[in-house]
file protein.cif (mmCIF, C-alpha atoms)
data_coords
#
loop_
_atom_site.label_atom_id
_atom_site.label_comp_id
_atom_site.auth_asym_id
_atom_site.auth_seq_id
_atom_site.Cartn_x
_atom_site.Cartn_y
_atom_site.Cartn_z
CA MET A 89 -5.89 37.78 27.55
CA THR A 90 -2.17 37.00 27.89
CA ASP A 91 -0.61 35.02 30.69
CA PRO A 92 1.65 37.33 32.75
CA THR A 93 3.93 34.39 33.55
CA GLU A 94 4.48 33.62 29.87
CA THR A 95 8.05 34.24 28.67
CA PRO A 96 8.84 35.39 25.10
CA ASP A 97 10.04 31.86 24.23
CA ASP A 98 6.69 30.44 25.32
CA ALA A 99 4.90 32.92 23.07
CA THR A 100 6.80 31.84 19.95
CA PRO A 101 4.55 29.72 17.76
CA GLN A 102 5.72 26.14 17.50
CA VAL A 103 6.15 24.40 14.15
CA PRO A 104 3.23 21.98 13.88
CA ALA A 105 4.01 18.32 13.41
CA ASP A 106 2.70 15.84 10.88
CA PRO A 107 0.85 12.85 12.27
CA ASP A 108 4.12 10.91 12.07
CA GLY A 109 5.76 13.46 14.38
CA SER A 110 7.99 15.14 11.79
CA ALA A 111 8.02 18.93 11.56
CA VAL A 112 5.90 20.52 8.85
CA ARG A 113 7.93 22.64 6.44
CA GLU A 114 6.77 26.08 5.47
CA LEU A 115 5.71 26.20 1.83
CA ALA A 116 8.03 29.15 1.22
CA ASP A 117 10.99 26.97 2.26
CA ILE A 118 10.27 24.21 -0.25
CA PRO A 119 12.12 24.46 -3.61
CA ALA A 120 9.89 24.94 -6.67
CA VAL A 121 11.02 21.66 -8.23
CA GLU A 122 9.80 19.79 -5.15
CA VAL A 123 6.42 21.56 -5.18
CA ILE A 124 5.98 20.79 -8.89
CA THR A 125 7.03 17.16 -8.43
CA ARG A 126 4.69 16.70 -5.46
CA ALA A 127 1.81 18.16 -7.46
CA ALA A 128 2.61 15.82 -10.36
CA VAL A 129 2.72 12.80 -8.06
CA MET A 130 -0.62 13.77 -6.52
CA LEU A 131 -2.21 14.14 -9.97
CA MET A 132 -0.72 10.79 -11.05
CA SER A 133 -1.98 9.02 -7.95
CA ALA A 134 -5.47 10.48 -8.27
CA ALA A 135 -5.65 9.61 -11.98
CA ALA A 136 -4.51 6.04 -11.29
CA GLU A 137 -7.27 5.70 -8.68
CA LYS A 138 -9.88 7.08 -11.10
CA ILE A 139 -8.74 4.64 -13.84
CA GLY A 140 -9.11 1.86 -11.29
CA LEU A 141 -5.45 0.84 -11.22
CA SER A 142 -5.41 0.44 -7.44
CA SER A 143 -7.92 -2.41 -7.63
CA GLU A 144 -7.14 -6.02 -8.38
CA ASP A 145 -9.65 -5.77 -11.23
CA PRO A 146 -9.73 -2.19 -12.57
CA ASP A 147 -13.02 -2.85 -14.38
CA ASP A 148 -14.73 -3.49 -11.04
CA SER A 149 -13.09 -0.67 -9.09
CA PRO A 150 -15.59 1.33 -7.03
CA HIS A 151 -13.40 4.40 -7.65
CA ARG A 152 -13.34 4.13 -11.43
CA ASP A 153 -14.42 7.36 -13.11
CA LEU A 154 -12.85 7.88 -16.53
CA ASP A 155 -14.28 11.38 -16.92
CA GLU A 156 -12.48 12.44 -13.74
CA ALA A 157 -9.35 10.56 -14.84
CA ARG A 158 -9.35 12.45 -18.15
CA ARG A 159 -9.36 15.77 -16.31
CA LEU A 160 -6.55 14.74 -13.98
CA ILE A 161 -4.39 13.39 -16.80
CA THR A 162 -4.93 16.53 -18.86
CA ALA A 163 -3.96 18.71 -15.87
CA LEU A 164 -0.88 16.55 -15.32
CA ALA A 165 0.09 16.83 -19.00
CA GLY A 166 -0.18 20.62 -18.83
CA LEU A 167 1.91 20.76 -15.67
CA VAL A 168 4.58 18.44 -17.05
CA THR A 169 4.77 20.25 -20.38
CA ALA A 170 4.97 23.68 -18.77
CA SER A 171 7.55 22.67 -16.16
CA ALA A 172 9.73 20.07 -17.91
CA GLU A 173 12.69 22.44 -18.14
CA TYR A 174 12.66 22.93 -14.36
CA LEU A 175 12.32 19.29 -13.35
CA GLY A 176 15.86 18.27 -14.26
CA PRO A 177 16.40 14.57 -13.54
CA HIS A 178 12.77 14.23 -12.42
CA ALA A 179 11.42 15.12 -15.89
CA GLY A 180 11.96 11.67 -17.44
CA PRO A 181 10.23 9.62 -14.73
CA VAL A 182 7.35 12.10 -14.52
CA ARG A 183 6.89 11.98 -18.32
CA ASP A 184 7.02 8.16 -18.20
CA GLY A 185 4.33 8.13 -15.50
CA LEU A 186 2.16 10.45 -17.56
CA LYS A 187 2.53 8.28 -20.66
CA SER A 188 1.68 5.15 -18.65
CA LEU A 189 -1.50 6.81 -17.39
CA GLN A 190 -2.44 7.93 -20.89
CA LEU A 191 -2.00 4.38 -22.19
CA ALA A 192 -3.91 2.90 -19.24
CA PHE A 193 -6.74 5.35 -19.90
CA ARG A 194 -6.84 4.33 -23.57
CA GLU A 195 -6.93 0.66 -22.57
CA ALA A 196 -9.68 1.26 -19.99
CA SER A 197 -11.91 3.17 -22.40
CA ALA A 198 -14.79 1.31 -24.01
CA HIS A 199 -14.41 3.58 -27.03
CA PRO A 200 -10.77 4.77 -27.11
CA ASP A 201 -10.10 8.27 -28.37
CA GLU A 202 -8.40 8.75 -31.71
CA PRO A 203 -4.61 9.20 -31.43
CA GLY A 204 -3.94 12.80 -30.46
CA LYS A 205 -7.43 13.23 -28.94
CA GLY A 206 -6.85 11.37 -25.63
CA PRO A 207 -6.37 13.04 -22.27
CA GLY A 208 -3.44 15.43 -22.27
CA GLU A 209 -2.47 14.62 -25.84
CA LYS A 210 -3.00 18.20 -26.95
CA TYR A 211 0.07 18.92 -24.76
CA THR A 212 2.11 15.75 -25.26
CA GLY A 213 1.21 14.70 -28.76
CA PRO A 214 -0.29 11.30 -29.66
CA VAL A 215 0.42 8.41 -27.33
CA TRP A 216 0.28 4.77 -28.40
#
call {"tool": "encode", "arguments": {"input": "protein.cif", "output": "structure tokens"}}
result
Amino acid sequence: MTDPTETPDDATPQVPADPDGSAVRELADIPAVEVITRAAVMLMSAAAEKIGLSSEDPDDSPHRDLDEARRLITALAGLVTASAEYLGPHAGPVRDGLKSLQLAFREASAHPDEPGKGPGEKYTGPVW
């Protein structure tokens, strides 16, 4: 039931706020390059966690899961390859991050993949 004392301004939905108090932007208002870059950063961060890079000793990380890291890196490689032309000045740093993760994965692997067979290398080519 509606409140008869409610004015039209009171009925207008308010923009929700993030926990830090800033207004949440509507997804439709965010430029594509920002959405793609945010997705890439999320994939990079998740892959780094799964490789164990957030721990002082990656070999002892409780979050280490190289199978999951492989999937994340491959998804990142596909995203970067498919969207490189749209990333403009962001393309280089995103590619560098991807390559760093691919190399970290190779280093973390007990039995490293052959060049060209590592995570995402079907999209990026061999990484060494």
call {"tool": "closest_residue", "arguments": {"input": "protein.cif", "among": "A:Pro200, A:Pro207, A:Pro177, A:Pro214", "to": "A:Thr125", "atoms": "only C-alpha atoms"}}
result
A:Pro177
call {"tool": "residues_around", "arguments": {"input": "protein.cif", "residues": "A:Ala128", "least_positions_apart": "6", "cutoff": "12 Å", "atoms": "all atoms listed in the file", "output": "compact mmCIF listing (two decimals) with C-alpha atoms, keeping the file's coordinate frame"}}
result
# COMPACT_ATOMS: atom_id res chain seq x y z
CA VAL A 121 11.02 21.66 -8.23
CA GLU A 122 9.80 19.79 -5.15
CA ALA A 134 -5.47 10.48 -8.27
CA ALA A 135 -5.65 9.61 -11.98
CA LEU A 160 -6.55 14.74 -13.98
CA ILE A 161 -4.39 13.39 -16.80
CA THR A 162 -4.93 16.53 -18.86
CA ALA A 163 -3.96 18.71 -15.87
CA LEU A 164 -0.88 16.55 -15.32
CA ALA A 165 0.09 16.83 -19.00
CA GLY A 166 -0.18 20.62 -18.83
CA LEU A 167 1.91 20.76 -15.67
CA VAL A 168 4.58 18.44 -17.05
CA THR A 169 4.77 20.25 -20.38
CA ALA A 170 4.97 23.68 -18.77
CA SER A 171 7.55 22.67 -16.16
CA ALA A 172 9.73 20.07 -17.91
CA LEU A 175 12.32 19.29 -13.35
CA HIS A 178 12.77 14.23 -12.42
CA ALA A 179 11.42 15.12 -15.89
CA PRO A 181 10.23 9.62 -14.73
CA VAL A 182 7.35 12.10 -14.52
CA ARG A 183 6.89 11.98 -18.32
CA ASP A 184 7.02 8.16 -18.20
CA GLY A 185 4.33 8.13 -15.50
CA LEU A 186 2.16 10.45 -17.56
call {"tool": "atom_distance", "arguments": {"input": "protein.cif", "atom1": "atom CA of A:Ser133", "atom2": "atom CA of A:Ala157"}}
result
10.2 Å
call {"tool": "axis_aligned_box", "arguments": {"input": "protein.cif", "around": "stretch 173-185 of chain A", "padding_each_side": "6 Å", "output": "AutoDock Vina command-line options"}}
result
--center_x 10.4 --center_y 15.5 --center_z -15.4 --size_x 24.1 --size_y 26.8 --size_z 17.9
call {"tool": "closest_residue", "arguments": {"input": "protein.cif", "among": "A:Tyr211, A:His151, A:Ala136, A:Pro146", "to": "A:Ser188", "atoms": "all atoms listed in the file"}}
result
A:Ala136
call {"tool": "resolve_selection", "arguments": {"input": "protein.cif", "expression": "the PyMOL selection byres ((chain A and resi 153) around 10)", "output": "PyMOL selection string"}}
result
chain A and resi 135+137-140+149-152+154-158
call {"tool": "write_last_selection", "arguments": {"input": "protein.cif", "atoms": "C-alpha atoms", "output": "PDB file, in the frame of the given file"}}
result
ATOM      1  CA  ALA A 135      -5.650   9.610 -11.980  1.00  0.00           C
ATOM      2  CA  GLU A 137      -7.270   5.700  -8.680  1.00  0.00           C
ATOM      3  CA  LYS A 138      -9.880   7.080 -11.100  1.00  0.00           C
ATOM      4  CA  ILE A 139      -8.740   4.640 -13.840  1.00  0.00           C
ATOM      5  CA  GLY A 140      -9.110   1.860 -11.290  1.00  0.00           C
ATOM      6  CA  SER A 149     -13.090  -0.670  -9.090  1.00  0.00           C
ATOM      7  CA  PRO A 150     -15.590   1.330  -7.030  1.00  0.00           C
ATOM      8  CA  HIS A 151     -13.400   4.400  -7.650  1.00  0.00           C
ATOM      9  CA  ARG A 152     -13.340   4.130 -11.430  1.00  0.00           C
ATOM     10  CA  LEU A 154     -12.850   7.880 -16.530  1.00  0.00           C
ATOM     11  CA  ASP A 155     -14.280  11.380 -16.920  1.00  0.00           C
ATOM     12  CA  GLU A 156     -12.480  12.440 -13.740  1.00  0.00           C
ATOM     13  CA  ALA A 157      -9.350  10.560 -14.840  1.00  0.00           C
ATOM     14  CA  ARG A 158      -9.350  12.450 -18.150  1.00  0.00           C
TER      15      ARG A 158
END
call {"tool": "atom_distance", "arguments": {"input": "protein.cif", "atom1": "atom CA of A:Val215", "atom2": "atom CA of A:Glu202"}}
result
9.9 Å
call {"tool": "atom_distance", "arguments": {"input": "protein.cif", "atom1": "atom CA of A:Phe193", "atom2": "atom CA of A:Gly213"}}
result
15.1 Å
call {"tool": "closest_residue", "arguments": {"input": "protein.cif", "among": "A:Asp145, A:Val112, A:Arg159, A:Lys205", "to": "A:Leu131", "atoms": "all atoms listed in the file"}}
result
A:Arg159
